[in-house]
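Enquirer: Okay, handing you the structure first.
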Amino acid sequence: MSDQVPWDVVVIGGGNAGLVAAITATERVSRVLLLERAPAALRGGNTRHTRNVRCVHDTGDAYTPGTYSHAELWNDLCAVGDGPSSEELASLTVRESASVPAWMSAHGIRWQPPLTGTLHLGRTNRFFLGGGKALINAYYRTARKTGLTVWYDSTVEDIGVSGDRCTGVVVCRGQATGPAAGRTLIKARAVVCASGGFEANHDWLRRYWGDAADNFLIRGPATNDGRVLAALYERGAAKAGQERGFHSVAIDARAPRFDGGIATRLDSIPFSVVVNASGERFYDEGEDLWPKRYAIWGRNIAGQPGQIAYSIWDSAVNRLFLPPMYSPATAGDVAGVARALGLAPDAVTATVAGYNKAVAAAGFGSARFNPARFDPSRLDGCATVGLVPPKSNWARPIDTPPFYGIAMRPGITFTFMGVQVTREARVRTSDGGAFANLFAAGEIMSGNVLSSGYLGGFGMTIGTVWGRLAGASAAAAASAAREAS
């Protein structure tokens, strides 16, 4: 058909939120177009690197043993960062999460038993069989059966707006973008923006982080540059979320600048000491269970000189966490590890010695660490005494050779600052209104829910809940426009 014939719904973005929105829309209207900026082989955005989704469940099963109540998930969300940005929309997200697994299963997603060990996610999160890439492929198979049209290598350069209505989107197809590229106006009765954040745009990050942004590594694709978000702001969309808010973790400093994904994340922190370039500790490595604190470590490292930090551990704990993708430095003593990492051996040795002394002081007079109390599966209370900053859990001596160390950088997953939405996922305008037929889902509106902290698997929750809301609302708007024409 000619591009001049309006599509019922156009969805921008081919990751989890976009696919959920598109599938939902195709169940209600006939002509739905999904625009994926990447080629088919790289489709899916950040979702390719995911593994699980966090959901409320009142009963357990083979995939999520035990229960996880609305109250517990809500309390967990309130405990990270500054808490929810909008309690109303965050509460809606938590409540609707209970229906997410059944919806996903009905649309082709299969599950696997939870990972064991130090991730502490088995009871709260549900793991997709095969990870994020398998999930993406399953959704695309489902979408194809529902009649969804997908255009790959399609970059949205602008969004057409007339008054409070979106009239369509301007698209460049193929690898060329910008003024020199051929542009096509795609008319639409409703549009869903699910194109991610601006984390891959270092110039934009630099506005809020200064030169420190040059040392940020981006876990997802380079195409998450905020192009659609910028167009929405130009068209009067209201902002949501903190300018410096993002989901950021500690990743291997040797990771690629873009698209290193989950494989470059480092999970050694709770069982190590973490020092900066001066060889000094700067934060409590055992503050809470890892899924509630792993996402603060990117920001922690971003605040250190040179945006770099180092995790140092010994052989006694070396098998308690997922091994790094790249081999760590190793040596027979702490000084040797420090030298291998380019740190001052005396400074790092003194830091580790001071830490070990604080661990021994916690032996309540025995001057020895009691391994019977150490339990990586829970908050074990094995804490240092008299150390600033403290280590509140899993504090044990680093004294068993060989020793290991690895350099870490901030790995940015996605930014929180995006567009404000209503309960129906309509994009709000800066004058206090809302667009009639323009909707948002996923990372581009995550700032309505997240402030400065993150819970493992909750990005997929936001994408699925709000993808369904946006897809259903867009289909309803398209149906109303069709009837009125």
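Labels for the structure tokens follow display order: chains A, B, ..., residues from 1 in each chain, ligands from 1.
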I want to know what sits within 12 Å of Gly433 of chain A, based on only C-alpha atoms, with residues of the same chain fewer than 6 positions away left out; could you give that as a short mmCIF file (atom, residue, chain, number, x, y, z; two decimals) with N, CA and C atoms, in the first residue's frame?
Expert:
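Heads up, here's the output in selection.cif:
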```cif
data_model
loop_
_atom_site.label_atom_id
_atom_site.label_comp_id
_atom_site.auth_asym_id
_atom_site.auth_seq_id
_atom_site.Cartn_x
_atom_site.Cartn_y
_atom_site.Cartn_z
N GLY A 163 -1.54 20.56 16.42
CA GLY A 163 -2.31 20.74 17.64
C GLY A 163 -1.97 19.67 18.65
N ASP A 164 -2.99 18.95 19.14
CA ASP A 164 -2.74 17.89 20.11
C ASP A 164 -2.69 16.51 19.46
N ARG A 165 -2.58 16.48 18.13
CA ARG A 165 -2.60 15.21 17.42
C ARG A 165 -1.28 14.96 16.69
N GLY A 236 6.86 19.58 22.07
CA GLY A 236 6.14 20.03 23.25
C GLY A 236 5.85 18.98 24.30
N ALA A 237 6.50 17.82 24.22
CA ALA A 237 6.28 16.80 25.24
C ALA A 237 6.87 17.23 26.58
N ALA A 238 6.18 16.88 27.66
CA ALA A 238 6.66 17.21 29.00
C ALA A 238 7.73 16.21 29.43
N GLN A 420 6.70 12.49 30.11
CA GLN A 420 5.62 12.21 31.05
C GLN A 420 4.47 11.52 30.31
N VAL A 421 3.80 10.61 31.00
CA VAL A 421 2.65 9.93 30.42
C VAL A 421 1.50 9.91 31.41
N THR A 422 0.30 9.68 30.87
CA THR A 422 -0.89 9.47 31.68
C THR A 422 -1.00 7.99 32.03
N ARG A 426 -0.62 7.95 27.34
CA ARG A 426 -0.57 9.11 26.46
C ARG A 426 0.56 10.03 26.89
N VAL A 427 1.27 10.61 25.92
CA VAL A 427 2.36 11.53 26.21
C VAL A 427 1.78 12.88 26.64
#
```
Enquirer: Fewer than 5 positions away in the same chain doesn't count, so skip those; otherwise give me all residues within 9 Å of Ile398 of chain A, counting only C-alpha atoms, as JSON, numbers by chain.
Expert: {"A": [272, 273, 312, 313, 314, 315, 316, 317, 334, 352, 353, 355, 356, 403]}
Enquirer: Let me see the file: selected residues, N, CA and C atoms, as a PDB file, in the first residue's frame.
Expert:
```pdb
ATOM      1  N   SER A 272      34.364  -8.643  47.611  1.00  0.00           N
ATOM      2  CA  SER A 272      35.668  -8.025  47.399  1.00  0.00           C
ATOM      3  C   SER A 272      35.763  -6.742  48.192  1.00  0.00           C
ATOM      4  N   VAL A 273      36.912  -6.089  48.075  1.00  0.00           N
ATOM      5  CA  VAL A 273      36.994  -4.677  48.418  1.00  0.00           C
ATOM      6  C   VAL A 273      37.127  -3.919  47.105  1.00  0.00           C
ATOM      7  N   ILE A 312      38.939  -6.177  44.199  1.00  0.00           N
ATOM      8  CA  ILE A 312      40.047  -7.060  44.586  1.00  0.00           C
ATOM      9  C   ILE A 312      39.505  -8.125  45.548  1.00  0.00           C
ATOM     10  N   TRP A 313      39.788  -9.390  45.241  1.00  0.00           N
ATOM     11  CA  TRP A 313      39.302 -10.491  46.063  1.00  0.00           C
ATOM     12  C   TRP A 313      40.350 -11.598  46.117  1.00  0.00           C
ATOM     13  N   ASP A 314      40.043 -12.683  46.860  1.00  0.00           N
ATOM     14  CA  ASP A 314      41.011 -13.777  46.977  1.00  0.00           C
ATOM     15  C   ASP A 314      40.377 -15.097  46.549  1.00  0.00           C
ATOM     16  N   SER A 315      41.151 -16.160  46.621  1.00  0.00           N
ATOM     17  CA  SER A 315      40.684 -17.463  46.119  1.00  0.00           C
ATOM     18  C   SER A 315      39.582 -18.062  46.977  1.00  0.00           C
ATOM     19  N   ALA A 316      39.433 -17.597  48.217  1.00  0.00           N
ATOM     20  CA  ALA A 316      38.409 -18.157  49.095  1.00  0.00           C
ATOM     21  C   ALA A 316      36.997 -17.874  48.583  1.00  0.00           C
ATOM     22  N   VAL A 317      36.834 -16.798  47.816  1.00  0.00           N
ATOM     23  CA  VAL A 317      35.496 -16.431  47.325  1.00  0.00           C
ATOM     24  C   VAL A 317      35.401 -16.495  45.803  1.00  0.00           C
ATOM     25  N   VAL A 334      48.646  -9.203  47.362  1.00  0.00           N
ATOM     26  CA  VAL A 334      47.830  -8.054  46.985  1.00  0.00           C
ATOM     27  C   VAL A 334      48.667  -7.028  46.226  1.00  0.00           C
ATOM     28  N   VAL A 352      43.785  -3.004  52.101  1.00  0.00           N
ATOM     29  CA  VAL A 352      43.348  -4.370  52.363  1.00  0.00           C
ATOM     30  C   VAL A 352      43.710  -4.788  53.784  1.00  0.00           C
ATOM     31  N   ALA A 353      44.883  -4.389  54.255  1.00  0.00           N
ATOM     32  CA  ALA A 353      45.280  -4.720  55.624  1.00  0.00           C
ATOM     33  C   ALA A 353      44.337  -4.076  56.636  1.00  0.00           C
ATOM     34  N   TYR A 355      41.232  -3.228  56.101  1.00  0.00           N
ATOM     35  CA  TYR A 355      39.962  -3.940  55.985  1.00  0.00           C
ATOM     36  C   TYR A 355      40.029  -5.269  56.748  1.00  0.00           C
ATOM     37  N   ASN A 356      41.087  -6.035  56.553  1.00  0.00           N
ATOM     38  CA  ASN A 356      41.224  -7.319  57.255  1.00  0.00           C
ATOM     39  C   ASN A 356      41.223  -7.135  58.769  1.00  0.00           C
ATOM     40  N   PHE A 403      45.460 -14.002  44.650  1.00  0.00           N
ATOM     41  CA  PHE A 403      44.577 -12.851  44.730  1.00  0.00           C
ATOM     42  C   PHE A 403      44.212 -12.404  43.318  1.00  0.00           C
TER      43      PHE A 403
END
```
Enquirer: Taking a cut-off of 9 Å and counting only C-alpha atoms, can you build a table that, for each residue of segment 112-211 of chain A near segment 44-51 of chain A, reports the nearest atom pair and how far apart they are in Å (one decimal), sorted by chain then residue number, as JSON lines?
Expert:
```
{"residue": "A:Arg126", "atom": "CA", "partner": "A:Arg51", "partner_atom": "CA", "distance": 8.5}
{"residue": "A:Phe127", "atom": "CA", "partner": "A:Arg51", "partner_atom": "CA", "distance": 5.7}
{"residue": "A:Phe128", "atom": "CA", "partner": "A:Arg51", "partner_atom": "CA", "distance": 6.0}
{"residue": "A:Leu129", "atom": "CA", "partner": "A:Arg51", "partner_atom": "CA", "distance": 8.3}
{"residue": "A:Gly130", "atom": "CA", "partner": "A:Arg51", "partner_atom": "CA", "distance": 8.0}
{"residue": "A:Gly131", "atom": "CA", "partner": "A:Arg51", "partner_atom": "CA", "distance": 4.6}
{"residue": "A:Gly132", "atom": "CA", "partner": "A:Arg48", "partner_atom": "CA", "distance": 4.4}
{"residue": "A:Lys133", "atom": "CA", "partner": "A:Arg48", "partner_atom": "CA", "distance": 4.5}
{"residue": "A:Ala134", "atom": "CA", "partner": "A:Arg48", "partner_atom": "CA", "distance": 8.1}
{"residue": "A:Leu135", "atom": "CA", "partner": "A:Arg48", "partner_atom": "CA", "distance": 8.0}
{"residue": "A:Ile136", "atom": "CA", "partner": "A:Gly44", "partner_atom": "CA", "distance": 6.1}
{"residue": "A:Asn137", "atom": "CA", "partner": "A:Gly44", "partner_atom": "CA", "distance": 8.7}
{"residue": "A:Ser195", "atom": "CA", "partner": "A:Gly45", "partner_atom": "CA", "distance": 8.5}
{"residue": "A:Gly196", "atom": "CA", "partner": "A:Gly45", "partner_atom": "CA", "distance": 8.0}
```
Enquirer: Please produce an output containing N, CA and C atoms for each residue in the selection, written as a compact mmCIF listing (two decimals), in the first residue's frame.
Expert:
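New file result-v5.txt:
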```txt
# COMPACT_ATOMS: atom_id res chain seq x y z
N ARG A 126 11.49 -13.94 37.09
CA ARG A 126 11.19 -15.07 36.22
C ARG A 126 12.13 -15.00 35.01
N PHE A 127 12.85 -16.11 34.74
CA PHE A 127 13.88 -16.12 33.70
C PHE A 127 13.32 -16.69 32.39
N PHE A 128 13.60 -15.96 31.28
CA PHE A 128 13.18 -16.46 29.97
C PHE A 128 14.14 -17.56 29.51
N LEU A 129 13.60 -18.58 28.90
CA LEU A 129 14.43 -19.63 28.33
C LEU A 129 15.22 -19.06 27.16
N GLY A 130 16.55 -19.13 27.25
CA GLY A 130 17.39 -18.63 26.17
C GLY A 130 17.77 -17.18 26.26
N GLY A 131 17.27 -16.46 27.27
CA GLY A 131 17.64 -15.07 27.44
C GLY A 131 16.92 -14.11 26.52
N GLY A 132 17.41 -12.88 26.48
CA GLY A 132 16.73 -11.81 25.76
C GLY A 132 16.63 -12.01 24.27
N LYS A 133 17.66 -12.56 23.64
CA LYS A 133 17.59 -12.76 22.20
C LYS A 133 16.51 -13.77 21.84
N ALA A 134 16.38 -14.82 22.64
CA ALA A 134 15.32 -15.80 22.40
C ALA A 134 13.95 -15.17 22.61
N LEU A 135 13.83 -14.29 23.62
CA LEU A 135 12.56 -13.61 23.84
C LEU A 135 12.20 -12.74 22.64
N ILE A 136 13.18 -11.98 22.15
CA ILE A 136 12.94 -11.12 20.98
C ILE A 136 12.49 -11.96 19.79
N ASN A 137 13.18 -13.05 19.52
CA ASN A 137 12.82 -13.90 18.37
C ASN A 137 11.42 -14.48 18.53
N SER A 195 11.33 3.78 21.82
CA SER A 195 12.65 3.80 21.17
C SER A 195 13.81 3.93 22.13
N GLY A 196 13.58 3.74 23.43
CA GLY A 196 14.69 3.76 24.37
C GLY A 196 15.09 5.16 24.80
```
Enquirer: Expressed in Å to a single decimal, how great is the separation between atom CA of Arg244 of chain A and atom CA of Arg428 of chain A?
Expert: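 Separation between atom CA of Arg244 of chain A and atom CA of Arg428 of chain A: 21.1 Å.
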Enquirer: Determine, counting only C-alpha atoms, which protein, DNA and RNA residues have an atom within 6 Å of an atom of Ser85 of chain A; residues of the same chain fewer than 4 positions away are not included. Present the result as a ChimeraX atom specification.
Expert: /A:448-451
Enquirer: For the residues in the current selection, export N, CA and C atoms as a PDB file, in the first residue's frame.
Expert:
```pdb
ATOM      1  N   ASN A 448       8.938   8.133  34.681  1.00  0.00           N
ATOM      2  CA  ASN A 448       7.686   8.262  35.428  1.00  0.00           C
ATOM      3  C   ASN A 448       7.653   7.301  36.618  1.00  0.00           C
ATOM      4  N   VAL A 449       8.482   6.262  36.558  1.00  0.00           N
ATOM      5  CA  VAL A 449       8.484   5.210  37.582  1.00  0.00           C
ATOM      6  C   VAL A 449       9.774   5.228  38.390  1.00  0.00           C
ATOM      7  N   LEU A 450      10.904   5.314  37.711  1.00  0.00           N
ATOM      8  CA  LEU A 450      12.214   5.242  38.351  1.00  0.00           C
ATOM      9  C   LEU A 450      12.781   6.645  38.567  1.00  0.00           C
ATOM     10  N   SER A 451      13.489   6.809  39.668  1.00  0.00           N
ATOM     11  CA  SER A 451      14.133   8.103  39.936  1.00  0.00           C
ATOM     12  C   SER A 451      15.629   7.996  39.706  1.00  0.00           C
TER      13      SER A 451
END
```
Enquirer: Give the answer as one residue: which of A:Leu322, A:Leu115, A:Leu455, A:Val20 has the shortest atom-to-atom distance to Ile296 of chain A, using only C-alpha atoms?
Expert: A:Leu455
